[in-house]
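Engineer: Just data.txt, nothing more (compact mmCIF, C-alpha atoms and all ligand atoms):
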```txt
# COMPACT_ATOMS: atom_id res chain seq x y z
CA MET A 1 35.56 -45.91 -77.66
CA PHE A 2 34.95 -48.38 -74.85
CA ALA A 3 31.59 -49.44 -73.46
CA GLN A 4 30.87 -47.19 -70.55
CA THR A 5 30.16 -48.56 -67.08
CA GLN A 6 27.73 -46.94 -64.62
CA ILE A 7 30.50 -46.10 -62.18
CA GLY A 8 32.66 -44.81 -65.04
CA THR A 9 29.83 -42.51 -66.12
CA LEU A 10 29.36 -41.17 -62.59
CA LEU A 11 33.07 -40.48 -62.17
CA HIS A 12 33.16 -38.87 -65.62
CA GLU A 13 30.27 -36.55 -64.70
CA GLU A 14 32.01 -35.56 -61.51
CA HIS A 15 35.24 -34.94 -63.43
CA LEU A 16 33.34 -32.47 -65.62
CA GLN A 17 31.88 -30.74 -62.58
CA THR A 18 35.33 -30.49 -60.98
CA ILE A 19 36.77 -29.08 -64.22
CA ARG A 20 34.08 -26.37 -64.17
CA SER A 21 34.96 -25.41 -60.58
CA LEU A 22 38.67 -25.40 -61.43
CA GLN A 23 37.93 -23.18 -64.40
CA ARG A 24 36.17 -20.66 -62.16
CA LEU A 25 39.10 -20.70 -59.75
CA GLU A 26 41.59 -20.36 -62.59
CA ASP A 27 39.72 -17.42 -64.13
CA PHE A 28 39.63 -15.71 -60.75
CA LEU A 29 43.37 -16.23 -60.24
CA ALA A 30 44.15 -14.99 -63.75
CA ASN A 31 42.28 -11.74 -63.01
CA GLN A 32 43.83 -11.34 -59.60
CA SER A 33 47.33 -9.97 -59.20
CA PRO A 34 49.63 -12.38 -57.39
CA LYS A 35 51.25 -9.34 -55.79
CA ARG A 36 48.25 -7.79 -54.08
CA PRO A 37 45.89 -9.68 -51.77
CA PRO A 38 42.27 -9.71 -53.00
CA ASP A 39 39.55 -7.56 -51.50
CA LEU A 40 37.71 -10.03 -49.29
CA SER A 41 34.77 -7.67 -48.84
CA LYS A 42 33.66 -8.43 -52.41
CA PRO A 43 30.97 -11.13 -52.47
CA GLU A 44 32.30 -12.72 -55.67
CA VAL A 45 35.76 -13.07 -54.11
CA ARG A 46 34.27 -14.63 -50.98
CA LYS A 47 32.21 -16.97 -53.13
CA ILE A 48 35.22 -18.29 -55.07
CA LEU A 49 37.58 -18.60 -52.11
CA GLY A 50 34.89 -19.88 -49.75
CA ASP A 51 32.21 -21.94 -51.50
CA VAL A 52 33.94 -22.90 -54.75
CA LEU A 53 37.30 -23.80 -53.22
CA GLY A 54 35.70 -25.39 -50.14
CA ASP A 55 33.35 -27.56 -52.21
CA LEU A 56 36.17 -28.45 -54.56
CA ALA A 57 38.36 -29.69 -51.72
CA LYS A 58 35.52 -31.79 -50.26
CA GLU A 59 34.64 -33.19 -53.67
CA VAL A 60 38.26 -34.04 -54.46
CA ASP A 61 38.70 -35.76 -51.10
CA ARG A 62 35.54 -37.86 -51.48
CA HIS A 63 36.15 -38.69 -55.14
CA PHE A 64 39.79 -39.68 -54.57
CA THR A 65 38.97 -41.81 -51.53
CA PHE A 66 36.32 -43.67 -53.49
CA GLU A 67 38.68 -44.32 -56.39
CA GLU A 68 41.41 -45.54 -54.05
CA ASP A 69 39.22 -47.76 -51.88
CA ASN A 70 37.14 -49.30 -54.64
CA LEU A 71 38.72 -49.01 -58.07
CA PHE A 72 42.44 -48.95 -57.46
CA THR A 73 42.06 -52.08 -55.38
CA ILE A 74 40.29 -53.90 -58.24
CA LEU A 75 42.91 -52.71 -60.73
CA THR A 76 45.73 -53.80 -58.45
CA GLU A 77 44.18 -57.26 -58.05
CA GLN A 78 44.12 -57.52 -61.85
CA GLY A 79 47.77 -56.62 -62.17
CA GLU A 80 47.36 -53.00 -63.29
CA MET A 81 49.93 -51.67 -60.83
CA GLY A 82 51.44 -49.06 -63.15
CA ILE A 83 48.37 -46.89 -63.62
CA VAL A 84 47.39 -47.32 -59.94
CA MET A 85 50.80 -46.17 -58.75
CA MET A 86 50.81 -43.13 -61.03
CA LEU A 87 47.28 -42.00 -60.11
CA SER A 88 47.82 -42.70 -56.38
CA GLU A 89 50.93 -40.55 -56.38
CA GLU A 90 48.99 -37.71 -57.95
CA HIS A 91 46.21 -38.10 -55.37
CA GLY A 92 48.89 -37.86 -52.69
CA VAL A 93 49.94 -34.44 -53.96
CA ILE A 94 46.60 -32.96 -55.05
CA ARG A 95 44.41 -33.90 -52.06
CA PRO A 96 46.54 -32.26 -49.32
CA LEU A 97 47.06 -29.23 -51.55
CA ALA A 98 43.30 -28.78 -52.09
CA LEU A 99 42.49 -29.29 -48.40
CA GLU A 100 45.24 -26.94 -47.21
CA LEU A 101 44.20 -24.21 -49.63
CA ALA A 102 40.55 -24.50 -48.61
CA GLU A 103 41.53 -24.29 -44.95
CA GLU A 104 43.81 -21.31 -45.49
CA ALA A 105 41.14 -19.51 -47.52
CA GLU A 106 38.56 -20.17 -44.83
CA ALA A 107 40.91 -18.80 -42.17
CA ALA A 108 41.59 -15.70 -44.28
CA LEU A 109 37.86 -15.15 -44.90
CA GLY A 110 37.05 -15.57 -41.23
CA GLY A 111 39.95 -13.45 -39.98
CA ASP A 112 42.19 -10.71 -41.22
CA GLY A 113 42.52 -11.78 -44.85
CA PHE A 114 45.75 -12.70 -46.58
CA THR A 115 49.08 -11.19 -45.63
CA ALA A 116 51.28 -9.49 -48.22
CA ASP A 117 53.60 -12.50 -48.15
CA GLY A 118 50.93 -15.12 -47.79
CA TRP A 119 48.86 -14.15 -50.82
CA PRO A 120 51.54 -14.63 -53.55
CA GLU A 121 52.24 -18.08 -52.16
CA PHE A 122 48.55 -18.95 -51.98
CA HIS A 123 48.03 -17.68 -55.53
CA GLU A 124 50.90 -19.80 -56.82
CA ARG A 125 49.74 -22.95 -55.03
CA ALA A 126 46.13 -22.47 -56.14
CA ARG A 127 47.32 -22.25 -59.75
CA GLU A 128 49.34 -25.37 -59.17
CA LEU A 129 46.22 -27.13 -57.87
CA CYS A 130 44.29 -26.21 -61.02
CA GLU A 131 47.06 -27.42 -63.30
CA ARG A 132 47.68 -30.69 -61.49
CA GLU A 133 44.03 -31.60 -61.08
CA VAL A 134 43.10 -30.85 -64.70
CA PHE A 135 46.02 -32.99 -65.86
CA HIS A 136 45.05 -35.76 -63.44
CA ILE A 137 41.47 -35.79 -64.69
CA GLN A 138 42.65 -35.90 -68.30
CA LYS A 139 44.75 -38.95 -67.49
CA GLU A 140 41.86 -40.69 -65.76
CA GLU A 141 39.53 -39.90 -68.64
CA MET A 142 41.99 -41.57 -70.98
CA GLY A 143 43.21 -44.48 -68.84
CA LEU A 144 41.15 -45.16 -65.76
CA LEU A 145 37.69 -45.18 -67.32
CA ALA A 146 38.80 -47.60 -70.03
CA ALA A 147 40.45 -49.85 -67.45
CA ILE A 148 37.28 -49.84 -65.35
CA SER A 149 35.12 -50.85 -68.29
CA ALA A 150 37.53 -53.67 -69.14
CA LEU A 151 38.03 -54.97 -65.61
CA VAL A 152 34.88 -54.31 -63.55
CA ASP A 153 32.08 -56.85 -64.01
CA GLY A 154 28.41 -55.88 -64.28
CA GLU A 155 27.46 -56.81 -60.74
CA THR A 156 30.37 -54.93 -59.18
CA ASP A 157 29.62 -51.98 -61.43
CA SER A 158 26.01 -51.74 -60.17
CA ARG A 159 27.13 -52.05 -56.54
CA LEU A 160 29.82 -49.39 -56.89
CA ALA A 161 27.46 -47.03 -58.72
CA SER A 162 24.84 -47.20 -55.98
CA GLU A 163 27.48 -46.77 -53.26
CA TYR A 164 28.87 -43.78 -55.08
CA ARG A 165 25.46 -42.19 -55.54
CA LEU A 166 24.81 -42.50 -51.81
CA LEU A 167 28.18 -41.02 -51.00
CA ALA A 168 27.72 -38.11 -53.38
CA ALA A 169 24.21 -37.41 -52.07
CA GLY A 170 25.52 -37.18 -48.51
CA ALA A 171 28.38 -34.82 -49.36
FE FE A 201 41.70 -39.61 -59.30
FE FE A 202 38.71 -39.25 -60.82
```
So that I can check it, write out the structure of this file as structure tokens.
Ligand SMILES: [Fe+2]
Ligand SMILES: [Fe+2]
Structural biologist:
Amino acid sequence: MFAQTQIGTLLHEEHLQTIRSLQRLEDFLANQSPKRPPDLSKPEVRKILGDVLGDLAKEVDRHFTFEEDNLFTILTEQGEMGIVMMLSEEHGVIRPLALELAEEAEAALGGDGFTADGWPEFHERARELCEREVFHIQKEEMGLLAAISALVDGETDSRLASEYRLLAAGA
């Protein structure tokens, strides 16, 4: 096990929180037929598709942007292009997917719900989001956090941790 950095610990905690939200979304999807749109008058359905998915998309966007702007740049400078390229590619798929799904869910909740054709597609893409993001987090837990602890010095670590705390508090 590597010595943990402050910023690594913060990202790890947020990974766990994201996994919990993804789990709630996954459980909901598993209980919900892909063939029949959900009953949007149920508060628990509105909660998952509104708050949980909406917060998840915002969290993913903020978390990814921070990693890209602050950590991937440090890793690239130190020659770690391989891991940066792989994780950046995944960000490029997961972020738009999360934001689109949150937007579509919001539109459905605020309007006429999901159409008979729209729901199966939404269901499929939401499952895809869960799968991709869980896998992405697992990779970061194995590779990124170790790379951070090896390559980020103490001063940079403290600066990044306080920037990240501010960012997370404002979200
Ligand atoms: Fe990431
Ligand atoms: Fe991450």
Engineer: Pick the closest to ligand FE 202 (chain A) from A:Glu67, A:Asp55, A:Glu26, A:Asp153: which is it, counting all atoms listed in the file?
Structural biologist: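 Nearest to ligand FE 202 (chain A): A:Glu67.
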Engineer: Please provide as a VMD selection string all residues within 10 Å of Ile83 in chain A, with the sequence filter that same-chain residues fewer than 6 positions apart are discarded (counting only C-alpha atoms).
Structural biologist: chain A and resid 72 75 to 76 89 139 to 140 143 to 144 147
Engineer: Please produce a file of those selected residues containing C-alpha atoms, as a PDB file, in the coordinates of the input.
Structural biologist:
```pdb
ATOM      1  CA  PHE A  72      42.440 -48.950 -57.460  1.00  0.00           C
ATOM      2  CA  LEU A  75      42.910 -52.710 -60.730  1.00  0.00           C
ATOM      3  CA  THR A  76      45.730 -53.800 -58.450  1.00  0.00           C
ATOM      4  CA  GLU A  89      50.930 -40.550 -56.380  1.00  0.00           C
ATOM      5  CA  LYS A 139      44.750 -38.950 -67.490  1.00  0.00           C
ATOM      6  CA  GLU A 140      41.860 -40.690 -65.760  1.00  0.00           C
ATOM      7  CA  GLY A 143      43.210 -44.480 -68.840  1.00  0.00           C
ATOM      8  CA  LEU A 144      41.150 -45.160 -65.760  1.00  0.00           C
ATOM      9  CA  ALA A 147      40.450 -49.850 -67.450  1.00  0.00           C
TER      10      ALA A 147
END
```
Engineer: Taking all atoms listed in the file into account, report as number ranges by chain which residues have an atom no farther than 10 Å from an atom of ligand FE 202 (chain A).
Structural biologist: A: 8, 10-16, 18, 60, 62-68, 87, 91, 133, 136-141, 144-145
Engineer: Please, which residues are within 12 Å of (33.4, -14.8, -48.5) by the file's coordinates, counting all atoms listed in the file, and could they come as a list of chain:residue names?
Structural biologist: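 Residues lying no farther than 12 Å from the given point: A:Pro38, A:Asp39, A:Leu40, A:Ser41, A:Lys42, A:Pro43, A:Glu44, A:Val45, A:Arg46, A:Lys47, A:Ile48, A:Leu49, A:Gly50, A:Asp51, A:Val52, A:Leu53, A:Gly54, A:Ala105, A:Glu106, A:Ala107, A:Ala108, A:Leu109, A:Gly110, A:Gly111, A:Gly113.
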Engineer: Given only C-alpha atoms as the basis, pick out the residue of A:Met85, A:Leu160, A:Met142, A:Leu56 nearest to Asn70 in chain A.
Structural biologist: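 For Asn70 in chain A, the nearest of the candidates is A:Leu160.
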Engineer: CA of Gly118 in chain A to CA of Ser21 in chain A: how many Å, to one decimal?
Structural biologist: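 Taking CA of Gly118 in chain A as the start and CA of Ser21 in chain A as the end point, the length is 22.9 Å.
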Engineer: Using all atoms listed in the file, which residue out of A:Asp27, A:Asp69, A:Glu90, A:Glu100 lies closest to Glu163 in chain A?
Structural biologist: A:Asp69
Engineer: My list of candidates is A:Asp117, A:Ala169, A:Ala126, A:Val93. Which is closest to ligand FE 201 (chain A) when distances are computed with all atoms listed in the file?
Structural biologist: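 Counting all atoms listed in the file, the residue closest to ligand FE 201 (chain A) is A:Val93.
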Engineer: Using only C-alpha atoms, which of A:Arg20, A:Arg95, A:Arg165, A:His123 sits nearest Lys35 in chain A?
Structural biologist: A:His123
Engineer: How many Å lie between CA of Ile94 in chain A and CA of Ser162 in chain A, rounded to one decimal?
Structural biologist: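 CA of Ser162 in chain A lies 26.0 Å from CA of Ile94 in chain A.
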Engineer: Quick check, in Å to one decimal: how far apart do CA of Ser149 in chain A and CA of Thr5 in chain A lie?
Structural biologist: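 Going from CA of Ser149 in chain A over to CA of Thr5 in chain A, I get 5.6 Å.
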Engineer: Compare A:Leu129, A:Phe28, A:Ser88, A:Leu99 by their minimum atom-to-atom distance to ligand FE 201 (chain A), counting only C-alpha atoms and all ligand atoms, and give me the closest one.
Structural biologist: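 Closest residue, counting only C-alpha atoms and all ligand atoms: A:Ser88.
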